[in-house]
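*Asks:* Sharing input-v6.cif (mmCIF, C-alpha atoms) below.
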data_input
#
loop_
_atom_site.label_atom_id
_atom_site.label_comp_id
_atom_site.auth_asym_id
_atom_site.auth_seq_id
_atom_site.Cartn_x
_atom_site.Cartn_y
_atom_site.Cartn_z
CA MET K 198 0.00 0.00 0.00
CA SER K 199 2.83 2.47 0.72
CA LEU K 200 4.72 2.37 -2.58
CA PRO K 201 2.14 4.51 -4.38
CA HIS K 202 2.34 6.98 -1.51
CA ALA K 203 6.14 7.05 -1.69
CA ILE K 204 5.89 7.77 -5.43
CA LEU K 205 3.27 10.49 -4.91
CA THR K 206 5.52 12.08 -2.29
CA ALA K 207 8.53 12.03 -4.60
CA LEU K 208 6.53 13.47 -7.51
CA LEU K 209 5.11 16.25 -5.35
CA GLU K 210 8.64 17.14 -4.32
CA LYS K 211 9.64 17.26 -7.99
CA PRO K 212 7.88 16.09 -11.18
CA SER K 213 10.08 13.35 -12.62
CA SER K 214 10.37 10.64 -15.21
CA GLY K 215 10.32 6.99 -14.17
CA LEU K 216 14.09 6.81 -14.55
CA GLU K 217 14.62 9.93 -12.45
CA LEU K 218 12.28 8.49 -9.82
CA THR K 219 14.23 5.24 -9.59
CA ARG K 220 17.46 7.23 -9.21
CA ARG K 221 15.90 9.37 -6.49
CA PHE K 222 14.63 6.25 -4.73
CA ASP K 223 18.17 4.88 -4.79
CA LYS K 224 19.46 8.08 -3.15
CA SER K 225 16.77 9.04 -0.66
CA ILE K 226 13.39 7.37 -0.23
CA GLY K 227 14.95 3.99 -0.91
CA TYR K 228 16.85 4.24 2.36
CA PHE K 229 13.60 3.57 4.20
CA TRP K 230 11.21 2.35 1.51
CA SER K 231 12.84 0.28 -1.20
CA ALA K 232 11.37 -0.60 -4.57
CA THR K 233 12.73 -2.09 -7.76
CA HIS K 234 12.68 -0.19 -11.03
CA GLN K 235 9.98 -2.57 -12.29
CA GLN K 236 7.80 -1.94 -9.22
CA ILE K 237 8.11 1.82 -9.67
CA TYR K 238 7.21 1.69 -13.38
CA ARG K 239 4.29 -0.66 -12.68
CA GLU K 240 3.00 1.66 -9.96
CA LEU K 241 3.38 4.73 -12.20
CA GLY K 242 1.08 3.02 -14.71
CA LYS K 243 -1.51 2.25 -12.02
CA LEU K 244 -1.37 5.78 -10.62
CA GLU K 245 -1.83 7.21 -14.11
CA ARG K 246 -4.80 4.90 -14.83
CA ASP K 247 -6.35 5.82 -11.48
CA GLY K 248 -6.11 9.53 -12.26
CA SER K 249 -3.64 10.27 -9.47
CA ILE K 250 -0.82 11.38 -11.80
CA ARG K 251 -0.38 12.32 -15.43
CA ALA K 252 2.45 12.54 -17.88
CA LEU K 253 3.37 16.13 -18.63
CA GLU K 254 2.89 17.17 -22.21
CA ARG K 255 6.06 17.83 -24.12
CA GLN K 256 6.49 20.80 -26.43
CA GLN K 257 7.95 18.61 -29.11
CA ALA K 258 7.70 14.84 -29.06
CA THR K 259 10.95 13.09 -29.83
CA ARG K 260 11.59 9.41 -30.02
CA GLY K 261 12.89 7.86 -26.81
CA GLN K 262 11.99 10.90 -24.75
CA LYS K 263 11.17 10.09 -21.14
CA LYS K 264 7.68 10.74 -19.79
CA GLU K 265 7.74 13.13 -16.90
CA TYR K 266 4.92 12.77 -14.36
CA GLU K 267 3.14 15.19 -12.09
CA VAL K 268 0.61 14.62 -9.33
CA LEU K 269 -3.03 15.52 -9.98
CA PRO K 270 -5.46 16.79 -7.30
CA ALA K 271 -6.80 13.24 -6.74
CA GLY K 272 -3.26 12.03 -6.03
CA ARG K 273 -2.57 14.88 -3.63
CA ALA K 274 -5.88 14.20 -1.84
CA GLU K 275 -5.04 10.48 -1.52
CA LEU K 276 -1.60 11.29 -0.12
CA ALA K 277 -3.11 13.75 2.37
CA ARG K 278 -5.71 11.17 3.42
CA TRP K 279 -3.05 8.50 3.88
CA THR K 280 -0.73 10.86 5.78
CA ALA K 281 -3.51 11.81 8.22
CA ALA K 282 -4.64 8.20 8.85
CA SER K 283 -3.25 6.37 11.87
CA GLN K 284 -1.24 3.19 11.47
CA ASP K 285 0.05 0.74 14.03
CA PRO K 286 3.78 0.03 14.26
CA LYS K 287 4.92 -3.00 12.31
CA PRO K 288 6.52 -5.86 14.23
CA LEU K 289 10.23 -6.33 13.68
CA ARG K 290 11.09 -9.16 11.28
CA ASP K 291 14.82 -9.59 10.94
CA THR K 292 16.45 -12.73 9.59
CA LEU K 293 19.64 -12.15 11.58
CA LEU K 294 17.73 -12.23 14.86
CA LEU K 295 15.96 -15.43 13.84
CA ARG K 296 19.29 -16.98 12.81
CA LEU K 297 20.78 -16.13 16.23
CA ARG K 298 17.83 -17.76 17.94
CA ALA K 299 18.33 -20.84 15.74
CA ALA K 300 22.06 -20.83 16.55
CA ALA K 301 21.14 -21.31 20.19
CA VAL K 302 19.72 -24.68 19.14
CA VAL K 303 22.04 -25.87 16.35
CA GLY K 304 25.34 -24.11 17.09
CA THR K 305 27.08 -20.90 16.13
CA ASP K 306 29.15 -21.98 13.12
CA GLY K 307 29.41 -19.04 10.70
CA ILE K 308 27.52 -16.61 12.94
CA GLU K 309 30.51 -14.61 14.13
CA ALA K 310 31.71 -13.86 10.61
CA ASP K 311 28.24 -12.76 9.56
CA LEU K 312 27.83 -10.58 12.65
CA ARG K 313 31.11 -8.86 11.72
CA ARG K 314 29.89 -8.43 8.14
CA HIS K 315 26.64 -6.88 9.38
CA LEU K 316 28.60 -4.59 11.68
CA THR K 317 30.70 -3.37 8.75
CA LEU K 318 27.57 -2.75 6.65
CA HIS K 319 25.79 -0.86 9.44
CA ARG K 320 28.86 1.27 10.14
CA ARG K 321 29.09 2.12 6.45
CA GLN K 322 25.39 3.06 6.31
CA LEU K 323 25.71 5.15 9.47
CA ALA K 324 28.66 7.05 7.99
CA GLU K 325 26.67 7.69 4.80
CA TYR K 326 23.67 9.02 6.75
CA GLU K 327 25.91 11.25 8.85
CA GLU K 328 27.52 12.59 5.68
CA ILE K 329 24.06 13.36 4.23
CA GLU K 330 23.08 15.08 7.48
CA GLU K 331 26.17 17.27 7.44
CA ARG K 332 25.72 18.12 3.75
CA ASP K 333 21.95 18.61 3.58
CA PHE K 334 21.03 19.97 7.02
CA PRO K 335 23.36 22.82 7.94
CA PRO K 336 22.45 25.12 10.85
CA GLY K 337 19.66 27.50 9.90
CA LYS K 338 17.88 25.08 7.56
CA ASP K 339 14.79 25.18 9.68
CA THR K 340 11.54 25.18 7.71
CA VAL K 341 8.88 22.66 8.74
CA GLU K 342 9.61 20.72 5.55
CA ASP K 343 13.34 20.64 6.32
CA ARG K 344 12.70 19.53 9.91
CA LEU K 345 10.43 16.70 8.73
CA ARG K 346 13.01 15.49 6.21
CA HIS K 347 15.68 15.75 8.89
CA VAL K 348 13.73 13.67 11.45
CA VAL K 349 13.37 10.91 8.84
CA LEU K 350 17.14 10.97 8.33
CA ARG K 351 17.66 11.05 12.10
CA ALA K 352 15.56 7.90 12.38
CA GLY K 353 17.99 6.22 9.99
CA ILE K 354 20.97 7.50 11.97
CA ASP K 355 19.45 6.31 15.24
CA LEU K 356 18.62 2.87 13.79
CA GLU K 357 22.12 2.42 12.39
CA THR K 358 23.58 3.56 15.72
CA PHE K 359 21.40 1.00 17.51
CA TRP K 360 22.44 -1.83 15.16
CA THR K 361 26.12 -0.90 15.39
CA ARG K 362 26.09 -0.87 19.19
CA TRP K 363 23.96 -4.01 19.41
CA LEU K 364 26.27 -5.92 17.06
CA GLU K 365 29.35 -4.80 19.02
CA ARG K 366 27.75 -5.99 22.28
CA THR K 367 26.59 -9.24 20.69
CA LEU K 368 30.11 -10.02 19.47
CA GLU K 369 31.45 -9.29 22.96
CA GLU K 370 28.74 -11.50 24.47
CA LEU K 371 29.82 -14.35 22.18
CA GLY K 372 33.41 -13.89 23.29
CA ALA K 373 34.43 -12.50 19.91
CA PRO K 374 35.08 -8.78 20.54
CA GLU K 375 36.27 -6.65 17.67
CA ALA K 376 39.86 -6.90 16.65
#
For the structure just supplied, provide its representation as structure tokens.

*Replies:*
Amino acid sequence: MSLPHAILTALLEKPSSGLELTRRFDKSIGYFWSATHQQIYRELGKLERDGSIRALERQQATRGQKKEYEVLPAGRAELARWTAASQDPKPLRDTLLLRLRAAAVVGTDGIEADLRRHLTLHRRQLAEYEEIEERDFPPGKDTVEDRLRHVVLRAGIDLETFWTRWLERTLEELGAPEA
């Protein structure tokens, strides 16, 4: 249900082609709501058929030119409705946690190496988020829109901080502290 809302949000921020949308997903929205290129293009077609978006008319049609989409009033209304609706938190489903629980039963072979790999990945993601924060949210950037975008990024920073610390403690708990 949320992919169409993620696309509507991105298009309201900036009318874009499908290709531009997928690139933007890879650099921003995709950090917390991922979608494949095929899913995005499929959803663009549905949103256009439903009257939520439309392709902008081009001055001069040329072969191979990308369609650029904009949000129509029905799409904006749907996004506003969805934003205002309440939703319950989703339960955590993480394969690593399930694998650790299983390791308690069958043994820990391979777990330490994978915990270290996860730690490296989470540290890398945390560094990337912190770099984005420093670049995109300097002091004084304080509109409501900026603050909302910043709290979403802060959620990512806080989650990566949690995972990094949790993985470090887990490795210590298993008697395999960092080298």

*Asks:* Could you spell out the hits of the PyMOL selection byres ((chain K and resi 272) around 12) on the shown file, as JSON, numbers by chain?

*Replies:* {"K": [201, 202, 203, 204, 205, 206, 207, 208, 209, 241, 243, 244, 245, 246, 247, 248, 249, 250, 251, 266, 267, 268, 269, 270, 271, 273, 274, 275, 276, 277, 278, 279]}

*Asks:* List, as number ranges by chain, every residue that the PyMOL selection byres ((chain K and resi 323) around 10) selects in the file provided.

*Replies:* K: 317-322, 324-329, 353-358, 360-361

*Asks:* Selection in question (the file shown): the PyMOL selection byres ((chain K and resi 308) around 12). Which residues does it include, as a ChimeraX atom specification?

*Replies:* /K:293-301,303-307,309-315,364,367-368,371,373

*Asks:* Near region 213-224 of chain K, within 9 Å and counting all atoms listed in the file, which residues show up once chain neighbours fewer than 2 positions away are dropped, as a list in words?

*Replies:*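 Final neighbour list, sorted by chain and number: Ile204, Ala207, Leu208, Lys211, Ile226, Gly227, Tyr228, Trp230, Ser231, Ala232, Thr233, His234, Ile237, Tyr238, Leu241, Ala252, Lys263, Lys264, Glu265, Tyr266 and Glu267 of chain K.
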
*Asks:* Tell me which of K:Gly337, K:Ser199, K:Glu331, K:Leu316 sits closest to Thr280 (chain K), counting all atoms listed in the file.

*Replies:*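 Nearest to Thr280 (chain K): K:Ser199.
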
*Asks:* Take CA of Ala352 (chain K) and CA of Phe229 (chain K) and report the distance between them in Å, one decimal.

*Replies:* 9.5 Å

*Asks:* To one decimal in Å, tell me the separation between CA of Asp333 (chain K) and CA of His347 (chain K).

*Replies:*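 Taking CA of Asp333 (chain K) as the start and CA of His347 (chain K) as the end point, the length is 8.7 Å.
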